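Asker: Quick one: the structure is below, and I'll ask about it shortly.
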Amino acid sequence: MSELLNMMLELCQEIKYIKATLYNFRKTRLEVFKENWIDGDEVQEALRISLRTLQNLRDSGTLPFSRINGKFYYKATDIEKLLESNYSHLKNKNNGTK
């Protein structure tokens with residue numbers, strides 16, 4: 001009986017691990033941004049921008065960064081601020097008709 005109980009406990013632990021792994025795969029872009037630091041590849045992928053565009057954001061001072069051994073890292077909060085500061089909610093008075 002104790003062997004069966006041990007097997008069930010092991011199974012429960014494995015299920016918890018699988019559940020946690022699946023949760024990490026389901027993260028949305030917004031959840032990824034909430035992490036502390038992300039690298040340039042992740043920024044490019046999430047914002048769907050080119051390496052050159054990302055470089056322009058750095059060079060212009062629009063997006064702060066940290067550089068370690070030639071690799072750039074960005075604070076997720078800075079990216080969120082950039083997105084918020086460029087947010088535009090335009091109201092179309094004619095609702096798409098001419």
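Ligands are numbered from 1 in the order shown, residues from 1 within each chain, and chains are lettered A, B, ... in the order they appear in the structure tokens.
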Per DSSP on the backbone, what are the strand (DSSP E) residues of stretch 57-90 of chain A, as a JSON list (two decimals) with C-alpha atoms, in the first residue's frame?
Answerer:
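Wrote it out as result_23.json, contents follow:
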[["chain", "number", "residue", "atom", "x", "y", "z"],
["A", 66, "SER", "CA", 22.54, 47.99, -20.70],
["A", 67, "ARG", "CA", 25.44, 46.44, -22.60],
["A", 68, "ILE", "CA", 27.43, 43.47, -21.35],
["A", 71, "LYS", "CA", 25.09, 42.10, -25.90],
["A", 72, "PHE", "CA", 22.28, 44.56, -25.24],
["A", 73, "TYR", "CA", 19.66, 44.17, -22.54],
["A", 74, "TYR", "CA", 16.56, 46.24, -21.90],
["A", 75, "LYS", "CA", 14.29, 46.78, -18.93]]
Asker: Please return, as a count of residues only, all residues of chain A that DSSP assigns to helix (DSSP H, G or I) on the basis of the backbone.
Answerer: 56
Asker: Work out how far atom CA of A:Leu47 is from atom CA of A:Gly61, in Å to one decimal.
Answerer: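 Here the two named atoms are 17.5 Å from each other.
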Asker: Using only C-alpha atoms, can you tell me which of A:Gln13, A:Thr77, A:Asn56, A:Asn6 comes closest to A:Asn36?
Answerer: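 Residue with the minimum atom-to-atom distance to A:Asn36: A:Thr77.
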Asker: Excluding same-chain residues fewer than 5 positions from A:Ile79, what lies within 9 Å of it counting only C-alpha atoms, as a PyMOL selection string?
Answerer: chain A and resi 33+43+63-64+74+84
Asker: For each of A:Leu90, A:Leu51, A:Leu57, A:Cys12, take the minimum atom-to-atom distance to A:Asp78, counting only C-alpha atoms, then give the residue where this is smallest.
Answerer: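 The closest residue to A:Asp78 is A:Leu57.
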Asker: Suppose you want the space between atom CA of A:Arg48 and atom CA of A:Thr62; what is it in Å?
Answerer: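 The value is 16.9 Å.
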Asker: So how many Å separate atom CA of A:Asn24 and atom CA of A:Arg58, to one decimal?
Answerer: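 Computing the Euclidean distance for atom CA of A:Asn24 and atom CA of A:Arg58 yields 29.1 Å.
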